[in-house]
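Below: the structure, in structure tokens.
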Amino acid sequence: MDLEKIAQSLDKVLDAGRREIPFGEVADYIPELAKSDKNALGIAIADRSGQVYSAGDVETRFTVQSISKVITLSIALETCGYDAVFQRVGMEPSGEAFNSIVELDLVSGKPYNPMINSGAIAVTDLLMGKINFTQMLDISRKLMRDDSIRLDEKVFRSEMDHCERNRAIGWLLKSKGIIENDVDEILKLYTAMCSLSVNACSLANLGLTLACDGADPVTWERVLSSDTVKVVKTIMLTCGMYDGSGQFAVEVGLPTKSGVGGGLLSVVDKLMGIGIYGPSLDKKGNCIAGGAMLRYLSSKFRLHMFQN
Ligand code: GLN
């Protein structure tokens, strides 16, 4: 793998993404997110030596949103174990939108997977009383090798004031006996984790930690166990792009997770992490330019995990 070549091509990669921006929209169901610059676009790639290559808007801070589901699931697997987590949430793609409620009520006794809102809310409930937000923030900083990560209070408040749908999901989970704690308290922790402010470099570093089996590739300090990382990457591959996960796995072939703040986290196993920021989203809530950029990178440099 010629990382230098990839690094030199980043401007072309940005061009491939930029063309798609007009076809998407910024998320507006959280009013504070509607203020994002639709045309912002950046990419960062972190390699095993810890070196970060980047182009475009990589310093801009944005909220991690659903990419926090990767962190919350990792922490739950480490804290509560595999059996406790998957007693409460499934591991199948839902084929529905990230904030869907129908399949939860009509088809399944528990949320389909931890990458959609219902699943992440159920996993958050499991963590209540075992770990607090400050400790989760601390782990997030370690995973992303970024001590500047903090809570974006404005986005947090904006979402808490407009989270009727997540509240409905929470109460439905409660009515089915899937969650135990106070719905409001669970939503506060869930939303706080969604409101962590990161940049494309932080996401690239998180991807690198996952690519390196849960260890910091520079210090070799282990942050997550190998078993946890195996499960998390597999679920990212099968469920990380919601109802676009199947097509994305075929076309890109990299475990990836999106957030409505415009972030994309991608893992090139054993090699590197990729972080992308582009708040223009496709209809499924995934960064539209980032999808094109990852398709370009995957095909040009043969990064698909099932292609040599
Ligand atoms: N905080 C957002 C929500 O719960 C996260 C959704 C997302 O990024 N897809 O709706």
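Each chain in the structure tokens gets a letter, A, B and so on, in the order shown; residues start at 1 in every chain, and ligands are counted from 1 in the order they appear.
When DSSP reads the backbone of this structure, the residues of segment 13-133 of chain A it assigns to strand (DSSP E or B) are A:Glu25, A:Gly42, A:Ile43, A:Ala44, A:Ile45, A:Ala46, A:Asp47, A:Val52, A:Tyr53, A:Ser54, A:Ala55, A:Gly56, A:Phe62, A:Thr63.
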Item to complete: Determine, counting only C-alpha atoms, which protein, DNA and RNA residues have an atom within 7 Å of an atom of segment 219-234 of chain A; residues of the same chain fewer than 2 positions away are not included. Present the result as a PyMOL selection string.
Response: chain A and resi 70+74+77-78+143+210+213-217+236-238+255
With 8 Å as the cut-off and only C-alpha atoms and all ligand atoms counted, what is the closest atom pair between each nearby residue of chain A and ligand 1? Distances in Å to one decimal, ordered by chain and number, as a Markdown table.
| residue | atom | partner | partner_atom_place_in_ligand_line | distance |
| --- | --- | --- | --- | --- |
| A:Ile30 | CA | ligand 1 | 10 (O) | 7.9 |
| A:Val64 | CA | ligand 1 | 8 (O) | 7.4 |
| A:Gln65 | CA | ligand 1 | 8 (O) | 4.3 |
| A:Ser66 | CA | ligand 1 | 8 (O) | 3.6 |
| A:Ile67 | CA | ligand 1 | 8 (O) | 6.7 |
| A:Phe98 | CA | ligand 1 | 9 (N) | 5.7 |
| A:Asn99 | CA | ligand 1 | 10 (O) | 6.3 |
| A:Ile116 | CA | ligand 1 | 9 (N) | 7.4 |
| A:Asn117 | CA | ligand 1 | 4 (O) | 5.7 |
| A:Glu159 | CA | ligand 1 | 1 (N) | 7.0 |
| A:Cys163 | CA | ligand 1 | 10 (O) | 7.3 |
| A:Arg165 | CA | ligand 1 | 10 (O) | 8.0 |
| A:Asn166 | CA | ligand 1 | 4 (O) | 6.3 |
| A:Tyr190 | CA | ligand 1 | 1 (N) | 7.8 |
| A:Thr191 | CA | ligand 1 | 1 (N) | 5.8 |
| A:Cys194 | CA | ligand 1 | 1 (N) | 5.1 |
| A:Ser195 | CA | ligand 1 | 1 (N) | 7.3 |
| A:Ser258 | CA | ligand 1 | 8 (O) | 6.6 |
| A:Gly259 | CA | ligand 1 | 8 (O) | 3.5 |
| A:Val260 | CA | ligand 1 | 8 (O) | 3.8 |
| A:Gly261 | CA | ligand 1 | 8 (O) | 6.3 |
| A:Gly285 | CA | ligand 1 | 9 (N) | 6.1 |
| A:Asn286 | CA | ligand 1 | 9 (N) | 7.6 |
Worksheet item: To one decimal place, how far is atom CA of Ala76 of chain A from atom CA of Val123 of chain A in Å?
Response: 6.9 Å
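Of the listed residues (A:Gly240, A:Gly177, A:Gly50, A:Gly253), A:Gly177 comes nearest to Ala122 of chain A; the distances count only C-alpha atoms.
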Find the residues of segment 37-131 of chain A that sit at most 9 Å from segment 13-17 of chain A; for each, write down the nearest two atoms and how far apart they are in Å, to one decimal. Count only C-alpha atoms. Sort by chain, then by number going up, and give it as a tab-separated table.
residue	atom	partner	partner_atom	distance
A:Leu41	CA	A:Leu14	CA	7.3
A:Gly42	CA	A:Leu14	CA	7.2
A:Ile43	CA	A:Leu14	CA	7.5
A:Ala55	CA	A:Leu14	CA	7.6
A:Gly56	CA	A:Leu14	CA	7.4
Discussion item. If we count only C-alpha atoms and set the cut-off at 10 Å, which residues sit around Phe133 of chain A, ignoring sequence neighbours fewer than 2 positions away in its own chain? Please answer as a ChimeraX atom specification.
Written reply: /A:128,131,135-139,151,188-190,192-193
Practice prompt. Tell me which protein, DNA and RNA residues are within 8 Å of Ser202 of chain A, counting only C-alpha atoms, leaving out same-chain ones fewer than 2 positions away, and put them as number ranges by chain.
Written response: A: 144-146, 198-200, 204-206, 275
Print the selection's residues with N, CA, C and O atoms to a file, as a PDB file, in the first residue's frame.
ATOM      1  N   MET A 144      -9.581   8.718  20.091  1.00  0.00           N
ATOM      2  CA  MET A 144      -9.384   9.628  18.956  1.00  0.00           C
ATOM      3  C   MET A 144      -8.074  10.402  19.077  1.00  0.00           C
ATOM      4  O   MET A 144      -7.794  11.271  18.253  1.00  0.00           O
ATOM      5  N   ARG A 145      -7.308  10.096  20.120  1.00  0.00           N
ATOM      6  CA  ARG A 145      -6.032  10.783  20.363  1.00  0.00           C
ATOM      7  C   ARG A 145      -6.224  12.298  20.240  1.00  0.00           C
ATOM      8  O   ARG A 145      -5.470  12.980  19.552  1.00  0.00           O
ATOM      9  N   ASP A 146      -7.248  12.795  20.904  1.00  0.00           N
ATOM     10  CA  ASP A 146      -7.593  14.216  20.777  1.00  0.00           C
ATOM     11  C   ASP A 146      -8.156  14.724  22.112  1.00  0.00           C
ATOM     12  O   ASP A 146      -9.301  14.453  22.456  1.00  0.00           O
ATOM     13  N   VAL A 198     -15.783  17.021  17.373  1.00  0.00           N
ATOM     14  CA  VAL A 198     -14.571  16.365  16.847  1.00  0.00           C
ATOM     15  C   VAL A 198     -14.177  17.062  15.541  1.00  0.00           C
ATOM     16  O   VAL A 198     -14.869  17.977  15.099  1.00  0.00           O
ATOM     17  N   ASN A 199     -13.097  16.628  14.934  1.00  0.00           N
ATOM     18  CA  ASN A 199     -12.820  17.055  13.552  1.00  0.00           C
ATOM     19  C   ASN A 199     -12.418  15.823  12.730  1.00  0.00           C
ATOM     20  O   ASN A 199     -12.375  14.697  13.270  1.00  0.00           O
ATOM     21  N   ALA A 200     -12.133  16.028  11.452  1.00  0.00           N
ATOM     22  CA  ALA A 200     -11.851  14.874  10.586  1.00  0.00           C
ATOM     23  C   ALA A 200     -10.633  14.102  11.092  1.00  0.00           C
ATOM     24  O   ALA A 200     -10.582  12.864  10.984  1.00  0.00           O
ATOM     25  N   ALA A 204     -10.207  10.143  11.957  1.00  0.00           N
ATOM     26  CA  ALA A 204      -9.172   9.313  11.319  1.00  0.00           C
ATOM     27  C   ALA A 204      -8.412   8.533  12.394  1.00  0.00           C
ATOM     28  O   ALA A 204      -8.112   7.348  12.230  1.00  0.00           O
ATOM     29  N   ASN A 205      -8.141   9.184  13.524  1.00  0.00           N
ATOM     30  CA  ASN A 205      -7.433   8.498  14.610  1.00  0.00           C
ATOM     31  C   ASN A 205      -8.265   7.387  15.224  1.00  0.00           C
ATOM     32  O   ASN A 205      -7.744   6.324  15.579  1.00  0.00           O
ATOM     33  N   LEU A 206      -9.580   7.622  15.350  1.00  0.00           N
ATOM     34  CA  LEU A 206     -10.452   6.565  15.856  1.00  0.00           C
ATOM     35  C   LEU A 206     -10.426   5.375  14.889  1.00  0.00           C
ATOM     36  O   LEU A 206     -10.318   4.214  15.301  1.00  0.00           O
ATOM     37  N   GLY A 275     -11.037   9.806   8.253  1.00  0.00           N
ATOM     38  CA  GLY A 275     -12.088  10.663   8.817  1.00  0.00           C
ATOM     39  C   GLY A 275     -12.500  11.678   7.771  1.00  0.00           C
ATOM     40  O   GLY A 275     -11.642  12.257   7.092  1.00  0.00           O
TER      41      GLY A 275
END
